[in-house]
>>> print(open('run.tsv').read())   # TSV, C-alpha atoms
chain	number	residue	atom	x	y	z
A	1	MET	CA	0.00	0.00	0.00
A	2	THR	CA	1.50	3.34	-1.02
A	3	LYS	CA	0.45	6.86	-0.03
A	4	ILE	CA	-2.98	5.69	1.17
A	5	THR	CA	-5.23	8.61	2.11
A	6	LYS	CA	-8.85	8.20	3.21
A	7	ARG	CA	-11.20	11.09	3.84
A	8	PHE	CA	-14.75	10.97	5.17
A	9	GLY	CA	-16.16	14.37	4.25
A	10	GLY	CA	-13.95	16.90	6.00
A	11	VAL	CA	-12.31	14.30	8.25
A	12	THR	CA	-8.99	12.75	7.16
A	13	ALA	CA	-8.73	9.29	8.71
A	14	LEU	CA	-5.53	8.32	6.85
A	15	GLN	CA	-2.88	10.58	5.38
A	16	GLY	CA	-0.25	9.21	2.98
A	17	VAL	CA	0.24	5.82	4.67
A	18	ASP	CA	2.66	3.23	3.24
A	19	LEU	CA	2.39	-0.40	4.32
A	20	THR	CA	4.34	-3.44	3.10
A	21	ALA	CA	3.66	-7.05	4.03
A	22	TYR	CA	5.66	-10.11	2.99
A	23	ALA	CA	4.78	-13.77	2.61
A	24	GLY	CA	5.83	-15.84	5.63
A	25	GLU	CA	5.86	-12.98	8.12
A	26	VAL	CA	3.64	-11.44	10.78
A	27	LEU	CA	3.31	-7.67	10.47
A	28	ALA	CA	1.73	-6.04	13.53
A	29	ILE	CA	-0.16	-2.76	13.27
A	30	VAL	CA	-0.39	-0.86	16.55
A	31	GLY	CA	-1.65	2.53	17.66
A	32	ASP	CA	-4.14	4.24	19.95
A	33	ASN	CA	-7.86	4.38	19.20
A	34	GLY	CA	-8.35	6.81	16.32
A	35	ALA	CA	-4.87	6.22	14.91
A	36	GLY	CA	-6.32	4.83	11.66
A	37	LYS	CA	-5.68	1.10	12.13
A	38	SER	CA	-9.21	-0.05	11.32
A	39	THR	CA	-9.57	2.31	8.38
A	40	LEU	CA	-6.26	1.11	6.96
A	41	ILE	CA	-7.23	-2.56	7.05
A	42	LYS	CA	-10.68	-1.81	5.66
A	43	VAL	CA	-9.00	-0.18	2.67
A	44	LEU	CA	-6.70	-3.20	2.34
A	45	THR	CA	-9.63	-5.63	2.44
A	46	GLY	CA	-11.86	-3.71	0.03
A	47	VAL	CA	-14.42	-2.48	2.56
A	48	TYR	CA	-13.37	1.12	1.83
A	49	GLN	CA	-11.86	2.54	-1.33
A	50	PRO	CA	-8.93	4.93	-0.80
A	51	THR	CA	-9.40	8.61	-1.57
A	52	GLU	CA	-5.81	8.64	-2.79
A	53	GLY	CA	-3.03	6.06	-3.04
A	54	GLN	CA	-2.54	2.64	-4.58
A	55	ILE	CA	-2.46	-1.02	-3.55
A	56	PHE	CA	-0.04	-3.43	-5.21
A	57	LEU	CA	0.11	-7.24	-5.13
A	58	ASP	CA	3.30	-8.86	-6.47
A	59	GLY	CA	4.26	-5.43	-7.81
A	60	LYS	CA	1.09	-5.06	-9.88
A	61	PRO	CA	-1.52	-2.38	-9.09
A	62	ILE	CA	-4.89	-3.73	-7.99
A	63	GLU	CA	-8.23	-2.14	-7.13
A	64	PHE	CA	-11.15	-3.44	-5.08
A	65	SER	CA	-14.75	-2.27	-5.26
A	66	SER	CA	-15.81	-4.62	-2.45
A	67	HIS	CA	-14.58	-7.03	0.19
A	68	ALA	CA	-15.50	-9.87	-2.17
A	69	ASP	CA	-13.02	-8.47	-4.71
A	70	ALA	CA	-10.26	-8.54	-2.08
A	71	ILE	CA	-11.06	-12.16	-1.15
A	72	GLU	CA	-10.90	-13.11	-4.82
A	73	MET	CA	-7.41	-11.59	-4.96
A	74	GLY	CA	-6.33	-13.54	-1.87
A	75	ILE	CA	-6.81	-10.96	0.89
A	76	ASP	CA	-9.21	-11.70	3.75
A	77	ALA	CA	-9.77	-10.74	7.38
A	78	VAL	CA	-10.91	-12.28	10.66
A	79	TYR	CA	-12.46	-9.53	12.76
A	80	GLN	CA	-12.77	-9.39	16.53
A	81	THR	CA	-16.50	-10.20	16.30
A	82	LEU	CA	-15.61	-13.40	14.30
A	83	ALA	CA	-18.98	-13.18	12.46
A	84	LEU	CA	-19.96	-16.72	13.46
A	85	ALA	CA	-23.53	-18.01	13.66
A	86	ASP	CA	-23.52	-19.33	17.23
A	87	HIS	CA	-26.48	-21.70	16.79
A	88	LEU	CA	-24.80	-23.53	13.89
A	89	ASP	CA	-22.10	-26.19	14.22
A	90	PRO	CA	-18.51	-25.45	13.12
A	91	ALA	CA	-18.93	-27.07	9.68
A	92	ALA	CA	-22.04	-25.01	8.93
A	93	ASN	CA	-20.12	-21.87	9.93
A	94	MET	CA	-17.13	-22.87	7.84
A	95	PHE	CA	-19.23	-23.14	4.68
A	96	LEU	CA	-21.85	-20.49	5.47
A	97	GLY	CA	-22.86	-19.01	2.12
A	98	ASN	CA	-20.65	-21.50	0.25
A	99	GLU	CA	-22.31	-24.77	1.20
A	100	LEU	CA	-21.15	-28.00	-0.44
A	101	THR	CA	-23.91	-29.96	-2.16
A	102	LYS	CA	-24.47	-33.38	-3.67
A	103	SER	CA	-27.02	-34.72	-6.14
A	104	VAL	CA	-29.51	-37.29	-4.82
A	105	PHE	CA	-31.82	-38.62	-7.51
A	106	GLY	CA	-31.27	-35.42	-9.46
A	107	VAL	CA	-32.00	-33.17	-6.49
A	108	GLN	CA	-29.25	-30.95	-5.02
A	109	MET	CA	-28.92	-31.43	-1.27
A	110	LEU	CA	-26.46	-30.24	1.36
A	111	ASP	CA	-23.46	-32.55	1.69
A	112	ASN	CA	-23.18	-32.29	5.47
A	113	LYS	CA	-20.80	-35.23	5.76
A	114	LYS	CA	-18.28	-33.71	3.34
A	115	MET	CA	-18.53	-30.27	4.98
A	116	ARG	CA	-17.80	-31.83	8.38
A	117	THR	CA	-14.89	-33.87	6.98
A	118	GLU	CA	-13.41	-30.83	5.26
A	119	THR	CA	-13.80	-28.72	8.39
A	120	GLU	CA	-11.99	-31.31	10.52
A	121	ARG	CA	-9.26	-31.63	7.87
A	122	VAL	CA	-8.58	-27.90	7.58
A	123	LEU	CA	-8.62	-27.40	11.35
A	124	MET	CA	-6.08	-30.21	11.81
A	125	GLU	CA	-3.84	-29.73	8.74
A	126	ARG	CA	-3.66	-25.93	8.78
A	127	LEU	CA	-4.10	-25.13	12.46
A	128	GLY	CA	-3.40	-28.33	14.41
A	129	VAL	CA	-6.78	-28.10	16.12
A	130	THR	CA	-9.16	-30.98	16.91
A	131	LEU	CA	-12.66	-30.25	18.18
A	132	LYS	CA	-13.97	-32.70	20.78
A	133	SER	CA	-17.58	-32.01	19.79
A	134	PRO	CA	-17.67	-31.15	16.06
A	135	ASP	CA	-21.49	-31.41	16.02
A	136	ALA	CA	-22.04	-29.05	18.95
A	137	PRO	CA	-23.30	-25.49	18.38
A	138	THR	CA	-20.43	-23.06	17.89
A	139	GLU	CA	-21.58	-21.07	20.93
A	140	SER	CA	-20.53	-24.02	23.14
A	141	LEU	CA	-16.90	-23.83	21.99
A	142	SER	CA	-14.17	-22.04	23.90
A	143	GLY	CA	-13.00	-18.64	22.72
A	144	GLY	CA	-9.86	-20.09	21.18
A	145	GLN	CA	-11.82	-22.82	19.35
A	146	ARG	CA	-14.23	-20.22	17.97
A	147	GLN	CA	-11.24	-18.23	16.78
A	148	ALA	CA	-9.89	-21.36	15.08
A	149	VAL	CA	-13.17	-21.93	13.23
A	150	ALA	CA	-13.16	-18.33	11.97
A	151	ILE	CA	-9.53	-18.66	10.83
A	152	ALA	CA	-10.23	-22.02	9.17
A	153	ARG	CA	-13.06	-20.43	7.18
A	154	ALA	CA	-10.64	-17.82	5.85
A	155	VAL	CA	-7.75	-20.18	5.07
A	156	TYR	CA	-9.99	-22.76	3.36
A	157	SER	CA	-9.53	-20.70	0.19
A	158	GLU	CA	-6.43	-22.06	-1.54
A	159	GLY	CA	-5.76	-18.64	-3.04
A	160	LEU	CA	-5.41	-16.87	0.32
A	161	ARG	CA	-2.25	-14.73	0.37
A	162	VAL	CA	-2.83	-12.17	3.12
A	163	LEU	CA	-4.83	-12.68	6.33
A	164	VAL	CA	-5.69	-9.72	8.54
A	165	MET	CA	-6.44	-10.56	12.17
A	166	ASP	CA	-8.16	-7.82	14.15
A	167	GLU	CA	-7.61	-8.08	17.92
A	168	PRO	CA	-7.69	-11.92	17.91
A	169	THR	CA	-6.86	-12.25	21.63
A	170	ALA	CA	-8.93	-9.37	23.00
A	171	ALA	CA	-11.53	-11.47	24.83
A	172	LEU	CA	-9.40	-14.52	25.64
A	173	GLY	CA	-7.78	-15.76	28.85
A	174	PRO	CA	-4.06	-16.57	29.09
A	175	GLN	CA	-4.29	-20.19	27.88
A	176	GLU	CA	-6.61	-19.38	24.98
A	177	THR	CA	-4.41	-16.42	24.06
A	178	ALA	CA	-1.36	-18.69	23.91
A	179	ARG	CA	-3.21	-21.12	21.64
A	180	THR	CA	-4.32	-18.33	19.32
A	181	LEU	CA	-0.77	-16.95	19.08
A	182	ASN	CA	0.36	-20.47	18.14
A	183	LEU	CA	-2.24	-20.48	15.36
A	184	ILE	CA	-0.77	-17.24	14.04
A	185	LYS	CA	2.73	-18.73	14.10
A	186	ALA	CA	1.45	-21.78	12.19
A	187	LEU	CA	-0.06	-19.59	9.48
A	188	ARG	CA	3.23	-17.72	9.12
A	189	GLU	CA	5.11	-21.00	8.73
A	190	GLN	CA	2.73	-21.94	5.92
A	191	GLY	CA	3.82	-18.88	3.96
A	192	LEU	CA	0.93	-16.52	4.56
A	193	ALA	CA	1.41	-12.83	5.13
A	194	VAL	CA	-0.36	-12.27	8.46
A	195	ILE	CA	-1.29	-8.73	9.49
A	196	LEU	CA	-2.04	-8.54	13.21
A	197	ILE	CA	-3.89	-5.60	14.74
A	198	SER	CA	-3.51	-5.67	18.52
A	199	HIS	CA	-3.47	-3.46	21.60
A	200	SER	CA	-1.36	-6.05	23.42
A	201	LEU	CA	2.31	-5.27	22.88
A	202	ASP	CA	3.19	-8.49	24.71
A	203	ASP	CA	1.32	-10.47	22.03
A	204	VAL	CA	2.82	-8.33	19.28
A	205	PHE	CA	6.38	-8.95	20.45
A	206	GLU	CA	5.78	-12.68	20.83
A	207	VAL	CA	4.61	-13.36	17.27
A	208	SER	CA	5.42	-10.45	14.96
A	209	ASP	CA	8.43	-9.92	12.72
A	210	ARG	CA	7.85	-6.20	12.20
A	211	VAL	CA	5.70	-3.53	13.85
A	212	HIS	CA	3.96	-0.75	11.91
A	213	VAL	CA	3.01	2.13	14.23
A	214	GLN	CA	0.05	4.41	13.46
A	215	ARG	CA	-0.60	7.77	15.10
A	216	ARG	CA	-3.18	10.38	14.09
A	217	GLY	CA	-3.83	8.77	10.74
A	218	GLN	CA	-0.20	8.47	9.74
A	219	CYS	CA	2.52	5.82	9.93
A	220	VAL	CA	5.14	7.15	12.33
A	221	GLY	CA	7.55	4.26	11.88
A	222	VAL	CA	8.15	0.58	11.22
A	223	VAL	CA	10.55	-1.40	13.42
A	224	ASN	CA	11.96	-4.93	13.36
A	225	THR	CA	10.59	-6.67	16.44
A	226	HIS	CA	13.85	-8.39	17.38
A	227	ALA	CA	15.70	-5.06	17.27
A	228	SER	CA	13.12	-3.04	19.19
A	229	SER	CA	11.31	-3.05	22.55
A	230	THR	CA	7.85	-2.48	23.94
A	231	GLN	CA	9.13	0.77	25.43
A	232	GLU	CA	10.30	2.07	22.05
A	233	VAL	CA	7.04	1.14	20.33
A	234	LEU	CA	4.93	2.60	23.15
A	235	GLY	CA	6.90	5.82	22.84
A	236	MET	CA	6.10	5.94	19.12
A	237	ILE	CA	2.41	5.27	19.81
A	238	ILE	CA	2.06	8.13	22.27
A	239	GLY	CA	4.46	10.48	20.52
A	240	ALA	CA	7.01	10.62	23.32
A	241	GLU	CA	9.60	12.39	21.16
A	242	GLU	CA	7.03	15.01	20.15
A	243	ALA	CA	6.10	15.58	23.79
A	244	ALA	CA	9.75	15.96	24.73
>>> encode(input="run.tsv", output="structure tokens")
Amino acid sequence: MTKITKRFGGVTALQGVDLTAYAGEVLAIVGDNGAGKSTLIKVLTGVYQPTEGQIFLDGKPIEFSSHADAIEMGIDAVYQTLALADHLDPAANMFLGNELTKSVFGVQMLDNKKMRTETERVLMERLGVTLKSPDAPTESLSGGQRQAVAIARAVYSEGLRVLVMDEPTAALGPQETARTLNLIKALREQGLAVILISHSLDDVFEVSDRVHVQRRGQCVGVVNTHASSTQEVLGMIIGAEEAA
């Protein structure tokens, strides 16, 4: 993303932001509320169109008119709300809107067995997760398991290149947080570009390779995680140098 600017009427939410993500890495985006994080990822995932600026994939300019366009190009997101139907089982959530069917005496019917098998396969092969009760309503799953189902739905597409994860550990306890961070590491090892939006600098420094810092609608710096510290990044978030 180069020189991305987004205006809503007289309000400038983003001003000339550059962002680069690479396959096989976790790029964290951090910043206070109002820093432009959500607007930036909504531009990246086709929810918003930039007022100015350009998005490139493999060096070629691309444009999205919708989130569906972004998914088709291999860019998807798992938001904090997860967008799961709690009363449905994991397989039904996995294929919601893209149900697998089979022909029975010339009539198309849902292929529930195949959807369940595929759900279990993707959860195990891509995320190393096994559900004890695959037929149970999704609302009965733990927070980390629900997160895994939402991730599995996104990575089921073989063309997925970039996965944005918005505050994936926000409502989780310590154990579930650790499991979710392990899922993120697994996705990185599979060659995805993972973009992590998080308020937890501890989580950011555990799994990210680089940290992109937003403040007041602008990128104020990008640091390599191994060569930086939570104190340095926090200072960039709050503008410590400006204040000094």
>>> closest_residue(input="run.tsv", among="A:Ala83, A:Ala136, A:Ala171, A:Val207", to="Gly24 in chain A", atoms="all atoms listed in the file")
A:Val207
>>> residues_around(input="run.tsv", residues="Gln147 in chain A", least_positions_apart="4", cutoff="12 Å", atoms="all atoms listed in the file", output="compact mmCIF listing (two decimals) with C-alpha atoms, in the frame of the given file")
# COMPACT_ATOMS: atom_id res chain seq x y z
CA VAL A 78 -10.91 -12.28 10.66
CA TYR A 79 -12.46 -9.53 12.76
CA GLN A 80 -12.77 -9.39 16.53
CA THR A 81 -16.50 -10.20 16.30
CA LEU A 82 -15.61 -13.40 14.30
CA ALA A 83 -18.98 -13.18 12.46
CA LEU A 84 -19.96 -16.72 13.46
CA PRO A 90 -18.51 -25.45 13.12
CA ASN A 93 -20.12 -21.87 9.93
CA MET A 94 -17.13 -22.87 7.84
CA LEU A 123 -8.62 -27.40 11.35
CA LEU A 127 -4.10 -25.13 12.46
CA VAL A 129 -6.78 -28.10 16.12
CA THR A 138 -20.43 -23.06 17.89
CA GLU A 139 -21.58 -21.07 20.93
CA LEU A 141 -16.90 -23.83 21.99
CA SER A 142 -14.17 -22.04 23.90
CA GLY A 143 -13.00 -18.64 22.72
CA ILE A 151 -9.53 -18.66 10.83
CA ALA A 152 -10.23 -22.02 9.17
CA ARG A 153 -13.06 -20.43 7.18
CA ALA A 154 -10.64 -17.82 5.85
CA MET A 165 -6.44 -10.56 12.17
CA ASP A 166 -8.16 -7.82 14.15
CA GLU A 167 -7.61 -8.08 17.92
CA PRO A 168 -7.69 -11.92 17.91
CA THR A 169 -6.86 -12.25 21.63
CA ALA A 170 -8.93 -9.37 23.00
CA ALA A 171 -11.53 -11.47 24.83
CA LEU A 172 -9.40 -14.52 25.64
CA GLU A 176 -6.61 -19.38 24.98
CA THR A 177 -4.41 -16.42 24.06
CA ARG A 179 -3.21 -21.12 21.64
CA THR A 180 -4.32 -18.33 19.32
CA LEU A 181 -0.77 -16.95 19.08
CA ASN A 182 0.36 -20.47 18.14
CA LEU A 183 -2.24 -20.48 15.36
CA ILE A 184 -0.77 -17.24 14.04
>>> closest_residue(input="run.tsv", among="A:Lys113, A:Gly10, A:Arg161, A:Ile237", to="Gln218 in chain A", atoms="only C-alpha atoms")
A:Ile237
>>> atom_distance(input="run.tsv", atom1="CA of Thr130 in chain A", atom2="CA of Val204 in chain A")
25.7 Å
>>> atom_distance(input="run.tsv", atom1="CA of Val213 in chain A", atom2="CA of Ile29 in chain A")
5.9 Å
>>> atom_distance(input="run.tsv", atom1="CA of Asn112 in chain A", atom2="CA of Leu163 in chain A")
26.9 Å
>>> residues_around(input="run.tsv", residues="Ala70 in chain A", least_positions_apart="3", cutoff="10 Å", atoms="only C-alpha atoms", output="VMD selection string")
chain A and resid 43 to 47 62 to 67 73 to 77 160 162
>>> closest_residue(input="run.tsv", among="A:Asp89, A:Glu206, A:Asp111, A:Glu52", to="Leu27 in chain A", atoms="only C-alpha atoms")
A:Glu206
>>> residues_around(input="run.tsv", residues="Asn33 in chain A", least_positions_apart="4", cutoff="10 Å", atoms="all atoms listed in the file", output="PyMOL selection string")
chain A and resi 37-38+199+214-216
>>> residues_around(input="run.tsv", residues="Ala85 in chain A", least_positions_apart="6", cutoff="12 Å", atoms="only C-alpha atoms", output="ChimeraX atom specification")
/A:91-97,137-140,146,149-150
>>> write_last_selection(input="run.tsv", atoms="C-alpha atoms", output="PDB file, keeping the file's coordinate frame")
ATOM      1  CA  ALA A  91     -18.930 -27.070   9.680  1.00  0.00           C
ATOM      2  CA  ALA A  92     -22.040 -25.010   8.930  1.00  0.00           C
ATOM      3  CA  ASN A  93     -20.120 -21.870   9.930  1.00  0.00           C
ATOM      4  CA  MET A  94     -17.130 -22.870   7.840  1.00  0.00           C
ATOM      5  CA  PHE A  95     -19.230 -23.140   4.680  1.00  0.00           C
ATOM      6  CA  LEU A  96     -21.850 -20.490   5.470  1.00  0.00           C
ATOM      7  CA  GLY A  97     -22.860 -19.010   2.120  1.00  0.00           C
ATOM      8  CA  PRO A 137     -23.300 -25.490  18.380  1.00  0.00           C
ATOM      9  CA  THR A 138     -20.430 -23.060  17.890  1.00  0.00           C
ATOM     10  CA  GLU A 139     -21.580 -21.070  20.930  1.00  0.00           C
ATOM     11  CA  SER A 140     -20.530 -24.020  23.140  1.00  0.00           C
ATOM     12  CA  ARG A 146     -14.230 -20.220  17.970  1.00  0.00           C
ATOM     13  CA  VAL A 149     -13.170 -21.930  13.230  1.00  0.00           C
ATOM     14  CA  ALA A 150     -13.160 -18.330  11.970  1.00  0.00           C
TER      15      ALA A 150
END
>>> residues_around(input="run.tsv", residues="Pro50 in chain A", least_positions_apart="5", cutoff="12 Å", atoms="only C-alpha atoms", output="JSON list (two decimals) with C-alpha atoms, in the frame of the given file")
[["chain", "number", "residue", "atom", "x", "y", "z"],
["A", 1, "MET", "CA", 0.00, 0.00, 0.00],
["A", 2, "THR", "CA", 1.50, 3.34, -1.02],
["A", 3, "LYS", "CA", 0.45, 6.86, -0.03],
["A", 4, "ILE", "CA", -2.98, 5.69, 1.17],
["A", 5, "THR", "CA", -5.23, 8.61, 2.11],
["A", 6, "LYS", "CA", -8.85, 8.20, 3.21],
["A", 7, "ARG", "CA", -11.20, 11.09, 3.84],
["A", 8, "PHE", "CA", -14.75, 10.97, 5.17],
["A", 12, "THR", "CA", -8.99, 12.75, 7.16],
["A", 13, "ALA", "CA", -8.73, 9.29, 8.71],
["A", 14, "LEU", "CA", -5.53, 8.32, 6.85],
["A", 15, "GLN", "CA", -2.88, 10.58, 5.38],
["A", 16, "GLY", "CA", -0.25, 9.21, 2.98],
["A", 17, "VAL", "CA", 0.24, 5.82, 4.67],
["A", 39, "THR", "CA", -9.57, 2.31, 8.38],
["A", 40, "LEU", "CA", -6.26, 1.11, 6.96],
["A", 41, "ILE", "CA", -7.23, -2.56, 7.05],
["A", 42, "LYS", "CA", -10.68, -1.81, 5.66],
["A", 43, "VAL", "CA", -9.00, -0.18, 2.67],
["A", 44, "LEU", "CA", -6.70, -3.20, 2.34],
["A", 45, "THR", "CA", -9.63, -5.63, 2.44],
["A", 55, "ILE", "CA", -2.46, -1.02, -3.55],
["A", 62, "ILE", "CA", -4.89, -3.73, -7.99],
["A", 63, "GLU", "CA", -8.23, -2.14, -7.13],
["A", 64, "PHE", "CA", -11.15, -3.44, -5.08],
["A", 65, "SER", "CA", -14.75, -2.27, -5.26],
["A", 66, "SER", "CA", -15.81, -4.62, -2.45]]
>>> closest_residue(input="run.tsv", among="A:Cys219, A:Leu88, A:Leu57, A:Val211", to="Ser198 in chain A", atoms="all atoms listed in the file")
A:Val211
